[in-house]
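Here's the structure, in structure tokens; my notes come after.
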Amino acid sequence: HLDPPTAQRFDPAPTQRSAATDPLDPLDLPLDDPATTTAASGTVTAEELDEAIFGFDGGATADPAGPISGVGLTLLVTDLSRSLGFYRDMLGFTEVDQGAGNAVLASGTTRLVLREVTGAAPISRRLVHVNLEVDDIEAAYERLRGSGVRFTYAPRVVNRGSRLEVWAAAFRDPDGHGIALTQWRERADA
């Protein structure tokens with residue numbers, strides 16, 4: 001659940017940011033970009049893509065009561081109070097606990113630990129990308145834009161399997177971690 005705070009900011013035009021301004025961090029690179037998949041492993045079939053995304057048999061044999069009951073992430077941040085303001089107040093995570101230099105936030109079964117590391121070197125944005133799943137990506141996108149979140153791209157398809165596709169809208173946290181709202185949808189043509 002993402003509740004909007006009252007602060008207002010406006011997104012820059014999408015053309016203001018590009019891979020040319022930061023060639024090591026393309027902001028608008030879809031997950032199924034042919035240049036990255038072809039360079040890494042040749043042509044990828046729809047079945048291989050389904051297996052990579054959903055597990056064997058496209059998820060048909062997945063055990064929902066398996067040993068993993070949720071996902072937890074730890075993000076190293078340079079200013080804990082600023083990051084709390086972003087994740088708790090702007091994105092709508094609930095603060096569960098806080099200690100010296102860290103905070104634990106939750107949303108559903110997801111746990112997010114923010115650990116303050118002052119003086120940390122800038123992050124490599126290609127190493128961390130957090131996907132926040134939502135039920136209605138367009139509504140969540142509009143709500144967060146209204147609360148001041150600056151997106152690098154609006155909702156669009158970023159990955160397509162033979163049965164499902166992932167819609168995403170990306171932005172960054174105050175430390176530059178890549179974050180995306182994501183929504184899984186059945187393909188209309190499947």
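Naming works like this for the structure tokens: A, B, ... for the chains as they're shown, residue 1 at the start of each chain, ligands 1 onward in shown order.
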Would you kindly return, as JSON, numbers by chain, each protein, DNA or RNA residue with an atom no farther than 8 Å from any atom of Leu164 in chain A, considering only C-alpha atoms and excluding same-chain residues fewer than 6 positions away?
-> {"A": [184, 185, 186, 187, 190]}
Residue contacts of Arg172 in chain A (10 Å, only C-alpha atoms) excluding same-chain residues fewer than 2 positions away, as a ChimeraX atom specification = /A:27,125,129-130,149-152,170,174-180
Could you turn the residues from that selection into a file that holds all heavy atoms, as a tab-separated table (two decimals), in the first residue's frame?
chain	number	residue	atom	x	y	z
A	27	LEU	N	19.55	4.14	-17.94
A	27	LEU	CA	18.34	4.17	-17.11
A	27	LEU	C	17.17	3.49	-17.79
A	27	LEU	O	16.25	3.05	-17.14
A	27	LEU	CB	17.96	5.61	-16.81
A	27	LEU	CG	18.96	6.41	-16.01
A	27	LEU	CD1	18.49	7.84	-15.87
A	27	LEU	CD2	19.17	5.79	-14.65
A	125	ARG	N	25.03	1.24	-9.65
A	125	ARG	CA	23.58	1.06	-9.77
A	125	ARG	C	23.20	-0.23	-10.48
A	125	ARG	O	22.08	-0.65	-10.45
A	125	ARG	CB	22.97	2.25	-10.49
A	125	ARG	CG	23.09	3.49	-9.66
A	125	ARG	CD	22.58	4.66	-10.41
A	125	ARG	NE	23.42	5.76	-9.99
A	125	ARG	CZ	23.38	6.95	-10.48
A	125	ARG	NH1	22.56	7.23	-11.43
A	125	ARG	NH2	24.17	7.89	-10.05
A	129	HIS	N	18.96	-3.66	-7.78
A	129	HIS	CA	17.72	-3.14	-8.35
A	129	HIS	C	16.59	-3.81	-7.59
A	129	HIS	O	16.50	-5.03	-7.54
A	129	HIS	CB	17.60	-3.44	-9.84
A	129	HIS	CG	16.55	-2.61	-10.50
A	129	HIS	ND1	16.81	-1.37	-11.03
A	129	HIS	CD2	15.23	-2.83	-10.65
A	129	HIS	CE1	15.68	-0.86	-11.51
A	129	HIS	NE2	14.71	-1.73	-11.29
A	130	VAL	N	15.75	-3.01	-6.96
A	130	VAL	CA	14.66	-3.51	-6.12
A	130	VAL	C	13.36	-3.38	-6.91
A	130	VAL	O	13.05	-2.31	-7.42
A	130	VAL	CB	14.57	-2.70	-4.81
A	130	VAL	CG1	13.40	-3.18	-3.97
A	130	VAL	CG2	15.87	-2.78	-4.04
A	149	VAL	N	7.96	11.47	-6.15
A	149	VAL	CA	8.93	10.52	-6.69
A	149	VAL	C	9.19	10.86	-8.15
A	149	VAL	O	8.25	11.06	-8.92
A	149	VAL	CB	8.43	9.06	-6.55
A	149	VAL	CG1	9.37	8.09	-7.26
A	149	VAL	CG2	8.31	8.69	-5.07
A	150	ARG	N	10.47	10.93	-8.53
A	150	ARG	CA	10.85	11.27	-9.90
A	150	ARG	C	11.21	9.98	-10.63
A	150	ARG	O	12.20	9.34	-10.32
A	150	ARG	CB	12.02	12.24	-9.87
A	150	ARG	CG	11.62	13.55	-9.21
A	150	ARG	CD	12.79	14.45	-9.06
A	150	ARG	NE	13.32	14.71	-10.38
A	150	ARG	CZ	14.01	15.78	-10.70
A	150	ARG	NH1	14.24	16.68	-9.81
A	150	ARG	NH2	14.47	15.94	-11.92
A	151	PHE	N	10.43	9.61	-11.61
A	151	PHE	CA	10.61	8.37	-12.36
A	151	PHE	C	11.55	8.56	-13.53
A	151	PHE	O	11.58	9.62	-14.15
A	151	PHE	CB	9.26	7.87	-12.87
A	151	PHE	CG	8.43	7.22	-11.79
A	151	PHE	CD1	7.70	7.98	-10.90
A	151	PHE	CD2	8.40	5.84	-11.67
A	151	PHE	CE1	6.94	7.38	-9.91
A	151	PHE	CE2	7.65	5.23	-10.68
A	151	PHE	CZ	6.92	6.00	-9.80
A	152	THR	N	12.32	7.51	-13.85
A	152	THR	CA	13.17	7.53	-15.04
A	152	THR	C	12.40	7.04	-16.26
A	152	THR	O	12.77	7.36	-17.37
A	152	THR	CB	14.44	6.68	-14.85
A	152	THR	OG1	14.07	5.35	-14.51
A	152	THR	CG2	15.31	7.26	-13.75
A	170	ALA	N	10.35	2.85	-13.39
A	170	ALA	CA	11.57	2.90	-12.57
A	170	ALA	C	11.85	4.28	-11.99
A	170	ALA	O	11.48	5.30	-12.56
A	170	ALA	CB	12.76	2.45	-13.41
A	174	PRO	N	17.14	7.89	-2.55
A	174	PRO	CA	18.08	8.99	-2.32
A	174	PRO	C	19.55	8.61	-2.48
A	174	PRO	O	20.38	9.48	-2.74
A	174	PRO	CB	17.78	9.42	-0.88
A	174	PRO	CG	16.36	9.04	-0.66
A	174	PRO	CD	16.18	7.76	-1.44
A	175	ASP	N	19.90	7.32	-2.33
A	175	ASP	CA	21.28	6.89	-2.51
A	175	ASP	C	21.57	6.39	-3.92
A	175	ASP	O	22.67	5.96	-4.21
A	175	ASP	CB	21.63	5.79	-1.49
A	175	ASP	CG	21.83	6.38	-0.11
A	175	ASP	OD1	22.89	7.01	0.10
A	175	ASP	OD2	20.93	6.24	0.74
A	176	GLY	N	20.57	6.42	-4.79
A	176	GLY	CA	20.78	6.00	-6.17
A	176	GLY	C	20.47	4.55	-6.47
A	176	GLY	O	20.68	4.09	-7.58
A	177	HIS	N	19.94	3.79	-5.49
A	177	HIS	CA	19.55	2.41	-5.76
A	177	HIS	C	18.43	2.42	-6.80
A	177	HIS	O	17.48	3.19	-6.68
A	177	HIS	CB	19.03	1.71	-4.49
A	177	HIS	CG	20.07	1.55	-3.44
A	177	HIS	ND1	20.05	2.30	-2.28
A	177	HIS	CD2	21.14	0.73	-3.35
A	177	HIS	CE1	21.07	1.95	-1.52
A	177	HIS	NE2	21.75	1.01	-2.14
A	178	GLY	N	18.52	1.55	-7.78
A	178	GLY	CA	17.47	1.43	-8.78
A	178	GLY	C	16.26	0.73	-8.19
A	178	GLY	O	16.39	-0.32	-7.56
A	179	ILE	N	15.08	1.31	-8.38
A	179	ILE	CA	13.85	0.74	-7.86
A	179	ILE	C	12.82	0.78	-8.98
A	179	ILE	O	12.80	1.72	-9.78
A	179	ILE	CB	13.32	1.54	-6.65
A	179	ILE	CG1	14.37	1.57	-5.55
A	179	ILE	CG2	12.01	0.95	-6.13
A	179	ILE	CD1	14.00	2.39	-4.36
A	180	ALA	N	11.97	-0.24	-9.02
A	180	ALA	CA	10.89	-0.23	-10.01
A	180	ALA	C	9.61	-0.73	-9.37
A	180	ALA	O	9.63	-1.67	-8.58
A	180	ALA	CB	11.25	-1.11	-11.20
For Gly119 in chain A, which residue among A:Leu76, A:Asp189, A:Glu138, A:Val71 is the nearest when counting only C-alpha atoms?
->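 For Gly119 in chain A, the nearest of the candidates is A:Leu76.
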Extract, using only C-alpha atoms, all DNA, RNA and protein residues at most 8 Å from range 110-113 of chain A, discarding same-chain residues fewer than 2 positions from it, and format them as a ChimeraX atom specification.
-> /A:70-75,102-108,115
Please, could you write that set of residues out with all heavy atoms as a compact mmCIF listing (two decimals), in the first residue's frame?
# COMPACT_ATOMS: atom_id res chain seq x y z
N GLY A 70 9.12 -15.36 2.07
CA GLY A 70 9.14 -13.94 1.76
C GLY A 70 10.53 -13.55 1.31
O GLY A 70 11.43 -14.38 1.23
N VAL A 71 10.70 -12.28 1.03
CA VAL A 71 12.00 -11.77 0.59
C VAL A 71 12.39 -10.61 1.48
O VAL A 71 11.56 -9.74 1.79
CB VAL A 71 11.94 -11.32 -0.88
CG1 VAL A 71 13.25 -10.66 -1.30
CG2 VAL A 71 11.61 -12.49 -1.80
N GLY A 72 13.64 -10.60 1.90
CA GLY A 72 14.18 -9.50 2.67
C GLY A 72 15.36 -8.90 1.95
O GLY A 72 16.14 -9.61 1.32
N LEU A 73 15.50 -7.60 2.03
CA LEU A 73 16.59 -6.90 1.38
C LEU A 73 17.29 -6.03 2.41
O LEU A 73 16.64 -5.47 3.30
CB LEU A 73 16.06 -5.99 0.27
CG LEU A 73 15.25 -6.64 -0.82
CD1 LEU A 73 14.54 -5.58 -1.64
CD2 LEU A 73 16.15 -7.48 -1.70
N THR A 74 18.59 -5.87 2.27
CA THR A 74 19.34 -4.91 3.06
C THR A 74 19.95 -3.91 2.10
O THR A 74 20.65 -4.31 1.16
CB THR A 74 20.45 -5.59 3.88
OG1 THR A 74 19.85 -6.50 4.80
CG2 THR A 74 21.27 -4.55 4.65
N LEU A 75 19.67 -2.64 2.31
CA LEU A 75 20.25 -1.58 1.49
C LEU A 75 21.16 -0.74 2.37
O LEU A 75 20.77 -0.33 3.46
CB LEU A 75 19.16 -0.70 0.88
CG LEU A 75 18.25 -1.36 -0.15
CD1 LEU A 75 17.19 -0.37 -0.62
CD2 LEU A 75 19.05 -1.87 -1.33
N ASN A 102 20.37 1.61 11.94
CA ASN A 102 19.61 0.73 11.05
C ASN A 102 18.12 0.83 11.37
O ASN A 102 17.73 1.26 12.44
CB ASN A 102 20.08 -0.72 11.14
CG ASN A 102 19.79 -1.33 12.49
OD1 ASN A 102 18.66 -1.68 12.79
ND2 ASN A 102 20.81 -1.44 13.33
N ALA A 103 17.33 0.43 10.40
CA ALA A 103 15.88 0.38 10.58
C ALA A 103 15.34 -0.78 9.78
O ALA A 103 15.88 -1.12 8.72
CB ALA A 103 15.24 1.68 10.12
N VAL A 104 14.29 -1.41 10.30
CA VAL A 104 13.63 -2.51 9.60
C VAL A 104 12.25 -2.03 9.19
O VAL A 104 11.47 -1.55 10.03
CB VAL A 104 13.51 -3.77 10.49
CG1 VAL A 104 12.82 -4.89 9.74
CG2 VAL A 104 14.87 -4.20 11.00
N LEU A 105 11.95 -2.15 7.91
CA LEU A 105 10.66 -1.74 7.36
C LEU A 105 9.98 -2.97 6.78
O LEU A 105 10.64 -3.97 6.45
CB LEU A 105 10.85 -0.69 6.28
CG LEU A 105 11.65 0.56 6.70
CD1 LEU A 105 11.89 1.46 5.50
CD2 LEU A 105 10.94 1.30 7.80
N ALA A 106 8.66 -2.89 6.62
CA ALA A 106 7.92 -4.03 6.07
C ALA A 106 6.80 -3.54 5.17
O ALA A 106 6.26 -2.45 5.34
CB ALA A 106 7.33 -4.87 7.20
N SER A 107 6.48 -4.41 4.21
CA SER A 107 5.29 -4.25 3.38
C SER A 107 4.88 -5.66 2.99
O SER A 107 5.63 -6.36 2.30
CB SER A 107 5.59 -3.42 2.13
OG SER A 107 4.41 -3.29 1.36
N GLY A 108 3.74 -6.11 3.49
CA GLY A 108 3.35 -7.51 3.28
C GLY A 108 4.38 -8.43 3.91
O GLY A 108 4.78 -8.22 5.06
N ARG A 115 20.56 0.05 6.42
CA ARG A 115 21.73 0.11 7.29
C ARG A 115 22.57 1.31 6.88
O ARG A 115 23.03 1.40 5.74
CB ARG A 115 22.56 -1.18 7.18
CG ARG A 115 23.78 -1.17 8.09
CD ARG A 115 24.45 -2.52 8.16
NE ARG A 115 23.56 -3.59 8.56
CZ ARG A 115 23.22 -3.88 9.81
NH1 ARG A 115 23.66 -3.14 10.80
NH2 ARG A 115 22.43 -4.89 10.08
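Across the model, the gap from CA of Tyr153 in chain A to CA of Glu133 in chain A is 16.2 Å.
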Test item: residues at most 12 Å from Leu91 in chain A, only C-alpha atoms, excluding those fewer than 4 positions along its chain, as a ChimeraX atom specification | /A:1-5,83-87,95,105-107,132,134,140-141,143-149,171-173,179-181
Write out as a count of residues only which residues come within 10 Å of Ala120 in chain A when counting only C-alpha atoms, dropping same-chain ones fewer than 4 positions away.
-> 4
Give me, please, the distance in Å between CA of Glu165 in chain A and CA of Thr109 in chain A, quoted to one decimal.
->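 Result for CA of Glu165 in chain A versus CA of Thr109 in chain A: 22.9 Å, one decimal.
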